[in-house]
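What follows is one structure encoded as structure tokens, with my remarks underneath.
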Amino acid sequence: MKLTGVELRRITMPLVAPFRTSFGTQTSRDALLLRVVTGNAEGWGECVAMSDPLYSSEYVDAAADVLRRYFIPTLAAADRLDAHAVAPALAKFRGHRMAKAALEMGVLDAELRAEGRPLSRELGAVRERVPCGVSVGIMSSIPELLDAVAGYLDAGYARIKLKIEPGWDVAPVAAVRERFGDELLLQVDANTAYTVGDARHLALLDPFDLLLIEQPLDEEDLLGHAELARQIRTPVCLDESITSARTAADAIRLQACAIVNVKPGRVGGYLEARRIHDVCVAHGVPVWCGGMLETGLGRAANLALAALPGFTLPGDTSGSDRYYRTDITTPFVVREGQLDVPTGPGIGVEPLAAELAAVTTSTEWLPL
Ligand SMILES: CSCC[C@@H](NC(=O)CCC(=O)O)C(=O)O
Ligand SMILES: [Mg+2]
């Protein structure tokens, strides 16, 4: 397969409501899409980097720059172009996993479309539908939170995840548990907002039978997570800390986590995400598919990943309308708490021309 060129496309999509986490509040999604054009097909990649380096060190402008100056020219010069050759070709460049993941996703989509094969088959999916959880932001009051959770449960979501931070943790969890009962699948995500010195406070969450507490400490503090796990009963899940199959294996061996949130963009792509799945399954560690407010393009690919056998917990693969009034693809609609895994070639969806044009803020064609 030969690379003809890549289109870098910036889009801005308004959120249906502000989404607040321990590291900030988002009201719109500024994203970078790649349209990878080869001799016999086109593929789409979505870069999950946020506008600012607050979730991780990556941000959209930097991703566009590193793709434009380093990654795309390197791939164009490569002898062999297929999805499995992308990571090795880019390995000499340090970091920028979200930018690498977007390019690999575009090449993988093009390759599979040319072969008429769905991504789900390529990755080893064993399910045709996956249960969907939803991530609920920090709110200005408990009543507002309870209304939001009630709305998501009415929509059929199988699991509720509450964003927490110091000052907004035990009370909202207690209120949700009290209002919606003990059967509700409930978990929390701190996005690194605590330190191991908060262990006694975080142990106050133990009585609420949470599925997990996600990334309570700094992403580099594996030993702190291992110490915290010895002091609390709620299972520790890592997100930001897990950047590769290697770090997943290290975190498991250090007993820093009992569960892993797998996000293809964070780890450099869907092929590394599958390797993390395989490492976790080998160690008996459950995984679930995280989210980065993807458009329908990334959402489609995440559903293919979430259908692998080790994904035994509902992920953050919510419906399109959880974040967007209008998606750039045919919207993903949750039914009985599940979403269908796309069955078409490649990622199985394509942008809708008018919807994509309406949110496009810039396009740049890089001929190769
Ligand atoms: C803007 S927050 C993005 C990272 C966050 N993602 C979510 O909470 C789920 C987002 C989604 O539903 O796509 C996480 O740390 O897990
Ligand atoms: Mg998280």
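Just remember, in the structure tokens the first chain shown is A, the second B, etc., residues are 1-based per chain, and ligands are 1-based in the order shown.
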What are the closest atom pairs, with distances in Å to one decimal, for each residue of chain A lying within 8 Å of ligand 1, using only C-alpha atoms and all ligand atoms, rows by chain and rising residue number, as CSV?
```
residue,atom,partner,partner_atom_place_in_ligand_line,distance
A:Phe19,CA,ligand 1,1 (C),7.0
A:Arg20,CA,ligand 1,1 (C),7.6
A:Thr21,CA,ligand 1,2 (S),6.4
A:Thr25,CA,ligand 1,1 (C),7.7
A:Gln26,CA,ligand 1,1 (C),6.7
A:Met50,CA,ligand 1,1 (C),7.3
A:Tyr55,CA,ligand 1,4 (C),6.6
A:Val134,CA,ligand 1,12 (O),6.0
A:Ser135,CA,ligand 1,8 (O),5.0
A:Val136,CA,ligand 1,8 (O),7.3
A:Gly137,CA,ligand 1,8 (O),7.6
A:Lys161,CA,ligand 1,8 (O),7.7
A:Lys163,CA,ligand 1,8 (O),7.1
A:Asp189,CA,ligand 1,15 (O),6.6
A:Ala190,CA,ligand 1,15 (O),7.7
A:Asn191,CA,ligand 1,15 (O),5.5
A:Glu214,CA,ligand 1,16 (O),7.9
A:Gln215,CA,ligand 1,15 (O),7.9
A:Asp239,CA,ligand 1,15 (O),6.6
A:Glu240,CA,ligand 1,15 (O),7.2
A:Asn261,CA,ligand 1,16 (O),7.7
A:Gly290,CA,ligand 1,16 (O),5.7
A:Gly291,CA,ligand 1,13 (O),3.4
A:Met292,CA,ligand 1,13 (O),4.0
A:Leu293,CA,ligand 1,13 (O),3.5
A:Glu294,CA,ligand 1,13 (O),5.8
A:Asp316,CA,ligand 1,12 (O),4.7
A:Thr317,CA,ligand 1,12 (O),6.2
A:Ser318,CA,ligand 1,12 (O),6.0
A:Arg322,CA,ligand 1,12 (O),7.7
A:Tyr323,CA,ligand 1,12 (O),7.8
```
Would you give me, as a PDB file with N, CA and C atoms, in the first residue's frame, the residues in stretch 135-277 of chain A that DSSP reads as helix (DSSP H, G or I)?
```
ATOM      1  N   ILE A 142     -25.656  18.469  44.568  1.00  0.00           N
ATOM      2  CA  ILE A 142     -26.079  17.051  44.599  1.00  0.00           C
ATOM      3  C   ILE A 142     -27.401  16.861  43.846  1.00  0.00           C
ATOM      4  N   PRO A 143     -28.411  17.742  44.050  1.00  0.00           N
ATOM      5  CA  PRO A 143     -29.660  17.570  43.278  1.00  0.00           C
ATOM      6  C   PRO A 143     -29.414  17.572  41.773  1.00  0.00           C
ATOM      7  N   GLU A 144     -28.532  18.460  41.310  1.00  0.00           N
ATOM      8  CA  GLU A 144     -28.233  18.500  39.871  1.00  0.00           C
ATOM      9  C   GLU A 144     -27.605  17.176  39.428  1.00  0.00           C
ATOM     10  N   LEU A 145     -26.728  16.644  40.246  1.00  0.00           N
ATOM     11  CA  LEU A 145     -26.092  15.355  39.920  1.00  0.00           C
ATOM     12  C   LEU A 145     -27.144  14.243  39.854  1.00  0.00           C
ATOM     13  N   LEU A 146     -28.028  14.195  40.846  1.00  0.00           N
ATOM     14  CA  LEU A 146     -29.030  13.113  40.888  1.00  0.00           C
ATOM     15  C   LEU A 146     -29.957  13.190  39.676  1.00  0.00           C
ATOM     16  N   ASP A 147     -30.287  14.408  39.256  1.00  0.00           N
ATOM     17  CA  ASP A 147     -31.112  14.550  38.040  1.00  0.00           C
ATOM     18  C   ASP A 147     -30.371  14.013  36.814  1.00  0.00           C
ATOM     19  N   ALA A 148     -29.077  14.342  36.730  1.00  0.00           N
ATOM     20  CA  ALA A 148     -28.292  13.879  35.568  1.00  0.00           C
ATOM     21  C   ALA A 148     -28.212  12.357  35.560  1.00  0.00           C
ATOM     22  N   VAL A 149     -27.932  11.771  36.730  1.00  0.00           N
ATOM     23  CA  VAL A 149     -27.822  10.306  36.806  1.00  0.00           C
ATOM     24  C   VAL A 149     -29.159   9.660  36.465  1.00  0.00           C
ATOM     25  N   ALA A 150     -30.247  10.228  36.962  1.00  0.00           N
ATOM     26  CA  ALA A 150     -31.579   9.680  36.655  1.00  0.00           C
ATOM     27  C   ALA A 150     -31.821   9.690  35.143  1.00  0.00           C
ATOM     28  N   GLY A 151     -31.389  10.771  34.496  1.00  0.00           N
ATOM     29  CA  GLY A 151     -31.578  10.860  33.041  1.00  0.00           C
ATOM     30  C   GLY A 151     -30.796   9.791  32.306  1.00  0.00           C
ATOM     31  N   TYR A 152     -29.559   9.533  32.737  1.00  0.00           N
ATOM     32  CA  TYR A 152     -28.743   8.513  32.064  1.00  0.00           C
ATOM     33  C   TYR A 152     -29.304   7.107  32.329  1.00  0.00           C
ATOM     34  N   LEU A 153     -29.808   6.901  33.534  1.00  0.00           N
ATOM     35  CA  LEU A 153     -30.402   5.571  33.814  1.00  0.00           C
ATOM     36  C   LEU A 153     -31.674   5.378  33.000  1.00  0.00           C
ATOM     37  N   ASP A 154     -32.466   6.468  32.851  1.00  0.00           N
ATOM     38  CA  ASP A 154     -33.650   6.382  31.973  1.00  0.00           C
ATOM     39  C   ASP A 154     -33.230   6.063  30.539  1.00  0.00           C
ATOM     40  N   VAL A 170     -17.163  11.754  48.627  1.00  0.00           N
ATOM     41  CA  VAL A 170     -18.000  10.867  49.451  1.00  0.00           C
ATOM     42  C   VAL A 170     -19.470  11.275  49.391  1.00  0.00           C
ATOM     43  N   ALA A 171     -19.745  12.575  49.471  1.00  0.00           N
ATOM     44  CA  ALA A 171     -21.155  13.013  49.500  1.00  0.00           C
ATOM     45  C   ALA A 171     -21.888  12.656  48.206  1.00  0.00           C
ATOM     46  N   PRO A 172     -21.358  12.971  47.017  1.00  0.00           N
ATOM     47  CA  PRO A 172     -22.083  12.580  45.798  1.00  0.00           C
ATOM     48  C   PRO A 172     -22.224  11.073  45.643  1.00  0.00           C
ATOM     49  N   VAL A 173     -21.175  10.316  46.023  1.00  0.00           N
ATOM     50  CA  VAL A 173     -21.283   8.854  45.915  1.00  0.00           C
ATOM     51  C   VAL A 173     -22.380   8.338  46.852  1.00  0.00           C
ATOM     52  N   ALA A 174     -22.392   8.843  48.079  1.00  0.00           N
ATOM     53  CA  ALA A 174     -23.410   8.400  49.057  1.00  0.00           C
ATOM     54  C   ALA A 174     -24.816   8.749  48.570  1.00  0.00           C
ATOM     55  N   ALA A 175     -24.955   9.945  47.991  1.00  0.00           N
ATOM     56  CA  ALA A 175     -26.274  10.388  47.524  1.00  0.00           C
ATOM     57  C   ALA A 175     -26.770   9.531  46.358  1.00  0.00           C
ATOM     58  N   VAL A 176     -25.868   9.205  45.430  1.00  0.00           N
ATOM     59  CA  VAL A 176     -26.258   8.376  44.270  1.00  0.00           C
ATOM     60  C   VAL A 176     -26.605   6.968  44.735  1.00  0.00           C
ATOM     61  N   ARG A 177     -25.780   6.419  45.636  1.00  0.00           N
ATOM     62  CA  ARG A 177     -26.046   5.061  46.144  1.00  0.00           C
ATOM     63  C   ARG A 177     -27.400   5.047  46.889  1.00  0.00           C
ATOM     64  N   GLU A 178     -27.639   6.067  47.680  1.00  0.00           N
ATOM     65  CA  GLU A 178     -28.856   6.126  48.499  1.00  0.00           C
ATOM     66  C   GLU A 178     -30.094   6.248  47.613  1.00  0.00           C
ATOM     67  N   ARG A 179     -29.956   7.064  46.535  1.00  0.00           N
ATOM     68  CA  ARG A 179     -31.129   7.338  45.677  1.00  0.00           C
ATOM     69  C   ARG A 179     -31.407   6.184  44.717  1.00  0.00           C
ATOM     70  N   PHE A 180     -30.343   5.562  44.180  1.00  0.00           N
ATOM     71  CA  PHE A 180     -30.554   4.590  43.089  1.00  0.00           C
ATOM     72  C   PHE A 180     -30.319   3.145  43.518  1.00  0.00           C
ATOM     73  N   VAL A 196      -1.349   9.771  48.001  1.00  0.00           N
ATOM     74  CA  VAL A 196      -1.457   8.582  48.853  1.00  0.00           C
ATOM     75  C   VAL A 196      -1.755   8.998  50.299  1.00  0.00           C
ATOM     76  N   GLY A 197      -1.480  10.260  50.645  1.00  0.00           N
ATOM     77  CA  GLY A 197      -1.818  10.756  51.983  1.00  0.00           C
ATOM     78  C   GLY A 197      -3.322  10.869  52.190  1.00  0.00           C
ATOM     79  N   ASP A 198      -4.095  10.776  51.105  1.00  0.00           N
ATOM     80  CA  ASP A 198      -5.561  10.839  51.195  1.00  0.00           C
ATOM     81  C   ASP A 198      -6.174   9.450  51.381  1.00  0.00           C
ATOM     82  N   ALA A 199      -5.336   8.440  51.621  1.00  0.00           N
ATOM     83  CA  ALA A 199      -5.836   7.054  51.665  1.00  0.00           C
ATOM     84  C   ALA A 199      -6.969   6.894  52.676  1.00  0.00           C
ATOM     85  N   ARG A 200      -6.790   7.459  53.889  1.00  0.00           N
ATOM     86  CA  ARG A 200      -7.844   7.271  54.908  1.00  0.00           C
ATOM     87  C   ARG A 200      -9.148   7.924  54.446  1.00  0.00           C
ATOM     88  N   HIS A 201      -9.043   9.044  53.759  1.00  0.00           N
ATOM     89  CA  HIS A 201     -10.263   9.689  53.257  1.00  0.00           C
ATOM     90  C   HIS A 201     -10.887   8.843  52.154  1.00  0.00           C
ATOM     91  N   LEU A 202     -10.082   8.351  51.236  1.00  0.00           N
ATOM     92  CA  LEU A 202     -10.623   7.550  50.123  1.00  0.00           C
ATOM     93  C   LEU A 202     -11.208   6.232  50.637  1.00  0.00           C
ATOM     94  N   ALA A 203     -10.742   5.758  51.803  1.00  0.00           N
ATOM     95  CA  ALA A 203     -11.323   4.544  52.395  1.00  0.00           C
ATOM     96  C   ALA A 203     -12.778   4.785  52.806  1.00  0.00           C
ATOM     97  N   LEU A 204     -13.172   6.047  52.941  1.00  0.00           N
ATOM     98  CA  LEU A 204     -14.576   6.359  53.261  1.00  0.00           C
ATOM     99  C   LEU A 204     -15.506   5.957  52.109  1.00  0.00           C
ATOM    100  N   LEU A 205     -14.927   5.694  50.930  1.00  0.00           N
ATOM    101  CA  LEU A 205     -15.751   5.249  49.787  1.00  0.00           C
ATOM    102  C   LEU A 205     -16.014   3.739  49.841  1.00  0.00           C
ATOM    103  N   ASP A 206     -15.233   3.023  50.666  1.00  0.00           N
ATOM    104  CA  ASP A 206     -15.348   1.554  50.698  1.00  0.00           C
ATOM    105  C   ASP A 206     -16.764   1.044  50.953  1.00  0.00           C
ATOM    106  N   PRO A 207     -17.521   1.660  51.871  1.00  0.00           N
ATOM    107  CA  PRO A 207     -18.855   1.098  52.165  1.00  0.00           C
ATOM    108  C   PRO A 207     -19.831   1.164  50.984  1.00  0.00           C
ATOM    109  N   PHE A 208     -19.488   1.903  49.910  1.00  0.00           N
ATOM    110  CA  PHE A 208     -20.467   2.121  48.831  1.00  0.00           C
ATOM    111  C   PHE A 208     -20.332   1.107  47.700  1.00  0.00           C
ATOM    112  N   LEU A 222       3.106   4.849  40.507  1.00  0.00           N
ATOM    113  CA  LEU A 222       2.650   3.451  40.585  1.00  0.00           C
ATOM    114  C   LEU A 222       2.784   2.922  42.017  1.00  0.00           C
ATOM    115  N   LEU A 223       3.898   3.231  42.679  1.00  0.00           N
ATOM    116  CA  LEU A 223       4.093   2.707  44.041  1.00  0.00           C
ATOM    117  C   LEU A 223       3.067   3.311  44.993  1.00  0.00           C
ATOM    118  N   GLY A 224       2.679   4.565  44.749  1.00  0.00           N
ATOM    119  CA  GLY A 224       1.639   5.192  45.583  1.00  0.00           C
ATOM    120  C   GLY A 224       0.315   4.477  45.416  1.00  0.00           C
ATOM    121  N   HIS A 225       0.006   4.089  44.150  1.00  0.00           N
ATOM    122  CA  HIS A 225      -1.245   3.339  43.917  1.00  0.00           C
ATOM    123  C   HIS A 225      -1.185   1.973  44.584  1.00  0.00           C
ATOM    124  N   ALA A 226      -0.010   1.347  44.591  1.00  0.00           N
ATOM    125  CA  ALA A 226       0.126   0.038  45.254  1.00  0.00           C
ATOM    126  C   ALA A 226      -0.089   0.190  46.755  1.00  0.00           C
ATOM    127  N   GLU A 227       0.448   1.275  47.331  1.00  0.00           N
ATOM    128  CA  GLU A 227       0.261   1.532  48.781  1.00  0.00           C
ATOM    129  C   GLU A 227      -1.200   1.852  49.066  1.00  0.00           C
ATOM    130  N   LEU A 228      -1.812   2.671  48.217  1.00  0.00           N
ATOM    131  CA  LEU A 228      -3.237   3.005  48.398  1.00  0.00           C
ATOM    132  C   LEU A 228      -4.082   1.743  48.340  1.00  0.00           C
ATOM    133  N   ALA A 229      -3.772   0.846  47.373  1.00  0.00           N
ATOM    134  CA  ALA A 229      -4.558  -0.382  47.218  1.00  0.00           C
ATOM    135  C   ALA A 229      -4.488  -1.258  48.467  1.00  0.00           C
ATOM    136  N   ARG A 230      -3.400  -1.114  49.231  1.00  0.00           N
ATOM    137  CA  ARG A 230      -3.305  -1.881  50.478  1.00  0.00           C
ATOM    138  C   ARG A 230      -4.168  -1.254  51.580  1.00  0.00           C
ATOM    139  N   GLN A 231      -4.558   0.013  51.400  1.00  0.00           N
ATOM    140  CA  GLN A 231      -5.277   0.715  52.480  1.00  0.00           C
ATOM    141  C   GLN A 231      -6.769   0.894  52.210  1.00  0.00           C
ATOM    142  N   ALA A 245       1.742  -1.673  26.762  1.00  0.00           N
ATOM    143  CA  ALA A 245       1.637  -3.019  27.334  1.00  0.00           C
ATOM    144  C   ALA A 245       2.689  -3.196  28.427  1.00  0.00           C
ATOM    145  N   ARG A 246       3.830  -2.584  28.224  1.00  0.00           N
ATOM    146  CA  ARG A 246       4.905  -2.684  29.230  1.00  0.00           C
ATOM    147  C   ARG A 246       4.482  -2.037  30.545  1.00  0.00           C
ATOM    148  N   THR A 247       3.908  -0.836  30.481  1.00  0.00           N
ATOM    149  CA  THR A 247       3.531  -0.190  31.750  1.00  0.00           C
ATOM    150  C   THR A 247       2.347  -0.924  32.376  1.00  0.00           C
ATOM    151  N   ALA A 248       1.516  -1.540  31.549  1.00  0.00           N
ATOM    152  CA  ALA A 248       0.421  -2.337  32.118  1.00  0.00           C
ATOM    153  C   ALA A 248       0.991  -3.522  32.888  1.00  0.00           C
ATOM    154  N   ALA A 249       1.969  -4.208  32.296  1.00  0.00           N
ATOM    155  CA  ALA A 249       2.571  -5.362  32.976  1.00  0.00           C
ATOM    156  C   ALA A 249       3.259  -4.923  34.272  1.00  0.00           C
ATOM    157  N   ASP A 250       3.972  -3.784  34.221  1.00  0.00           N
ATOM    158  CA  ASP A 250       4.654  -3.281  35.425  1.00  0.00           C
ATOM    159  C   ASP A 250       3.644  -2.925  36.509  1.00  0.00           C
ATOM    160  N   ALA A 251       2.568  -2.245  36.131  1.00  0.00           N
ATOM    161  CA  ALA A 251       1.570  -1.826  37.124  1.00  0.00           C
ATOM    162  C   ALA A 251       0.932  -3.035  37.784  1.00  0.00           C
ATOM    163  N   ILE A 252       0.673  -4.071  36.980  1.00  0.00           N
ATOM    164  CA  ILE A 252       0.054  -5.288  37.530  1.00  0.00           C
ATOM    165  C   ILE A 252       1.034  -5.977  38.478  1.00  0.00           C
ATOM    166  N   ARG A 253       2.304  -6.086  38.063  1.00  0.00           N
ATOM    167  CA  ARG A 253       3.301  -6.766  38.916  1.00  0.00           C
ATOM    168  C   ARG A 253       3.517  -6.013  40.215  1.00  0.00           C
ATOM    169  N   PRO A 264      -7.256   3.542  23.355  1.00  0.00           N
ATOM    170  CA  PRO A 264      -6.320   3.396  22.230  1.00  0.00           C
ATOM    171  C   PRO A 264      -5.471   4.645  21.981  1.00  0.00           C
ATOM    172  N   GLY A 265      -6.089   5.838  22.070  1.00  0.00           N
ATOM    173  CA  GLY A 265      -5.317   7.054  21.797  1.00  0.00           C
ATOM    174  C   GLY A 265      -4.203   7.260  22.810  1.00  0.00           C
ATOM    175  N   ARG A 266      -4.463   6.931  24.063  1.00  0.00           N
ATOM    176  CA  ARG A 266      -3.471   7.187  25.130  1.00  0.00           C
ATOM    177  C   ARG A 266      -2.251   6.291  24.970  1.00  0.00           C
ATOM    178  N   VAL A 267      -2.460   5.109  24.362  1.00  0.00           N
ATOM    179  CA  VAL A 267      -1.396   4.097  24.327  1.00  0.00           C
ATOM    180  C   VAL A 267      -0.726   3.978  22.958  1.00  0.00           C
ATOM    181  N   TYR A 270      -4.770   1.236  18.304  1.00  0.00           N
ATOM    182  CA  TYR A 270      -5.616   0.068  18.588  1.00  0.00           C
ATOM    183  C   TYR A 270      -4.807  -1.223  18.676  1.00  0.00           C
ATOM    184  N   LEU A 271      -3.673  -1.264  17.972  1.00  0.00           N
ATOM    185  CA  LEU A 271      -2.866  -2.497  18.023  1.00  0.00           C
ATOM    186  C   LEU A 271      -2.184  -2.624  19.388  1.00  0.00           C
ATOM    187  N   GLU A 272      -1.691  -1.511  19.942  1.00  0.00           N
ATOM    188  CA  GLU A 272      -1.111  -1.552  21.307  1.00  0.00           C
ATOM    189  C   GLU A 272      -2.224  -1.783  22.327  1.00  0.00           C
ATOM    190  N   ALA A 273      -3.389  -1.213  22.078  1.00  0.00           N
ATOM    191  CA  ALA A 273      -4.523  -1.426  22.997  1.00  0.00           C
ATOM    192  C   ALA A 273      -4.849  -2.906  23.078  1.00  0.00           C
ATOM    193  N   ARG A 274      -4.781  -3.606  21.926  1.00  0.00           N
ATOM    194  CA  ARG A 274      -5.039  -5.055  21.949  1.00  0.00           C
ATOM    195  C   ARG A 274      -3.939  -5.784  22.739  1.00  0.00           C
ATOM    196  N   ARG A 275      -2.697  -5.297  22.601  1.00  0.00           N
ATOM    197  CA  ARG A 275      -1.616  -5.945  23.359  1.00  0.00           C
ATOM    198  C   ARG A 275      -1.828  -5.751  24.871  1.00  0.00           C
ATOM    199  N   ILE A 276      -2.310  -4.577  25.259  1.00  0.00           N
ATOM    200  CA  ILE A 276      -2.592  -4.336  26.686  1.00  0.00           C
ATOM    201  C   ILE A 276      -3.714  -5.267  27.139  1.00  0.00           C
ATOM    202  N   HIS A 277      -4.733  -5.398  26.305  1.00  0.00           N
ATOM    203  CA  HIS A 277      -5.825  -6.348  26.607  1.00  0.00           C
ATOM    204  C   HIS A 277      -5.252  -7.734  26.849  1.00  0.00           C
TER     205      HIS A 277
END
```
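Between A:Ala307 and the candidates A:Met105, A:Ala17, A:Leu54, A:Cys289, the tightest atom-to-atom separation, counting only C-alpha atoms, involves A:Cys289.
Once A:Thr343 and its same-chain neighbours fewer than 3 positions away are set aside, Arg117, Pro118, Leu119, Ser120, Arg121, Glu128, Ala304, Asp340, Gly346, Ile347 and Gly348 of chain A remain within 9 Å of it when counting only C-alpha atoms.
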May I have the selected residues written with N, CA, C and O atoms, as a compact mmCIF listing (two decimals), in the first residue's frame?
```
# COMPACT_ATOMS: atom_id res chain seq x y z
N ARG A 117 -12.52 -5.83 5.28
CA ARG A 117 -12.58 -6.51 6.59
C ARG A 117 -12.91 -5.54 7.71
O ARG A 117 -12.28 -4.47 7.81
N PRO A 118 -13.83 -5.90 8.60
CA PRO A 118 -14.16 -5.01 9.72
C PRO A 118 -13.04 -4.97 10.76
O PRO A 118 -12.36 -5.97 10.99
N LEU A 119 -12.88 -3.82 11.40
CA LEU A 119 -11.87 -3.68 12.47
C LEU A 119 -12.15 -4.68 13.59
O LEU A 119 -11.22 -5.26 14.17
N SER A 120 -13.41 -4.93 13.88
CA SER A 120 -13.75 -5.85 14.98
C SER A 120 -13.14 -7.22 14.72
O SER A 120 -12.58 -7.85 15.62
N ARG A 121 -13.18 -7.68 13.47
CA ARG A 121 -12.59 -8.99 13.16
C ARG A 121 -11.09 -8.93 13.29
O ARG A 121 -10.45 -9.81 13.87
N GLU A 128 -21.24 -8.90 19.38
CA GLU A 128 -21.82 -8.02 18.35
C GLU A 128 -22.41 -6.75 18.96
O GLU A 128 -22.71 -5.80 18.26
N ALA A 304 -15.38 -1.61 18.47
CA ALA A 304 -14.73 -2.84 17.97
C ALA A 304 -13.79 -3.39 19.04
O ALA A 304 -13.77 -4.59 19.32
N ASP A 340 -24.37 -1.39 19.22
CA ASP A 340 -23.95 -2.39 18.24
C ASP A 340 -22.51 -2.13 17.81
O ASP A 340 -22.12 -0.99 17.59
N GLY A 346 -13.28 -1.85 7.72
CA GLY A 346 -12.55 -0.83 8.48
C GLY A 346 -13.29 -0.49 9.76
O GLY A 346 -13.85 -1.36 10.42
N ILE A 347 -13.33 0.80 10.10
CA ILE A 347 -14.03 1.20 11.33
C ILE A 347 -15.54 1.14 11.14
O ILE A 347 -16.30 1.27 12.11
N GLY A 348 -15.98 0.98 9.89
CA GLY A 348 -17.39 0.72 9.63
C GLY A 348 -18.29 1.93 9.53
O GLY A 348 -19.50 1.79 9.35
```
Problem set entry | Who sits within 7 Å of stretch 354-367 of chain A, only C-alpha atoms, same chain under 4 positions skipped, as a PyMOL selection string | chain A and resi 4-13+328
Seminar exercise, completed: Of A:Leu339, A:Val66, A:His283, A:Leu112, the one sitting nearest A:Phe93 when using only C-alpha atoms is A:Val66
For this session: Would you list the contacts of A:Glu46 as a list in words, taking every protein, DNA or RNA residue within 10 Å and counting only C-alpha atoms, but skipping same-chain residues closer than 2 positions in sequence?
Result: Arg9, Ala31, Leu32, Leu33, Leu34, Arg35, Trp44, Val48, Ala49, Met98, Ala99, Ala101, Ala102, Leu103, Glu104, Met105, Gly106, Gly265, Glu294, Thr295, Gly296, Leu297, Gly298, Arg299 and Ala301 of chain A
Same residues, C-alpha atoms, saved as a short mmCIF file (atom, residue, chain, number, x, y, z; two decimals), in the first residue's frame:
```cif
data_model
loop_
_atom_site.label_atom_id
_atom_site.label_comp_id
_atom_site.auth_asym_id
_atom_site.auth_seq_id
_atom_site.Cartn_x
_atom_site.Cartn_y
_atom_site.Cartn_z
CA ARG A 9 -8.84 18.43 9.51
CA ALA A 31 -10.36 17.70 17.64
CA LEU A 32 -7.98 16.69 14.88
CA LEU A 33 -9.10 14.19 12.23
CA LEU A 34 -6.85 12.55 9.65
CA ARG A 35 -8.02 11.37 6.24
CA TRP A 44 -10.03 7.97 8.95
CA VAL A 48 -7.99 12.19 21.08
CA ALA A 49 -5.65 14.90 22.41
CA MET A 98 -2.18 10.21 20.64
CA ALA A 99 -0.75 11.64 17.40
CA ALA A 101 -2.51 6.52 17.33
CA ALA A 102 -4.45 8.80 14.98
CA LEU A 103 -2.11 8.08 12.07
CA GLU A 104 -2.09 4.34 12.73
CA MET A 105 -5.90 4.38 12.94
CA GLY A 106 -6.14 6.09 9.54
CA GLY A 265 -5.32 7.05 21.80
CA GLU A 294 -14.62 10.88 20.54
CA THR A 295 -16.74 11.66 17.52
CA GLY A 296 -18.57 8.78 15.85
CA LEU A 297 -15.30 7.86 14.10
CA GLY A 298 -13.40 7.09 17.30
CA ARG A 299 -16.57 5.78 18.93
CA ALA A 301 -13.39 1.99 16.52
#
```
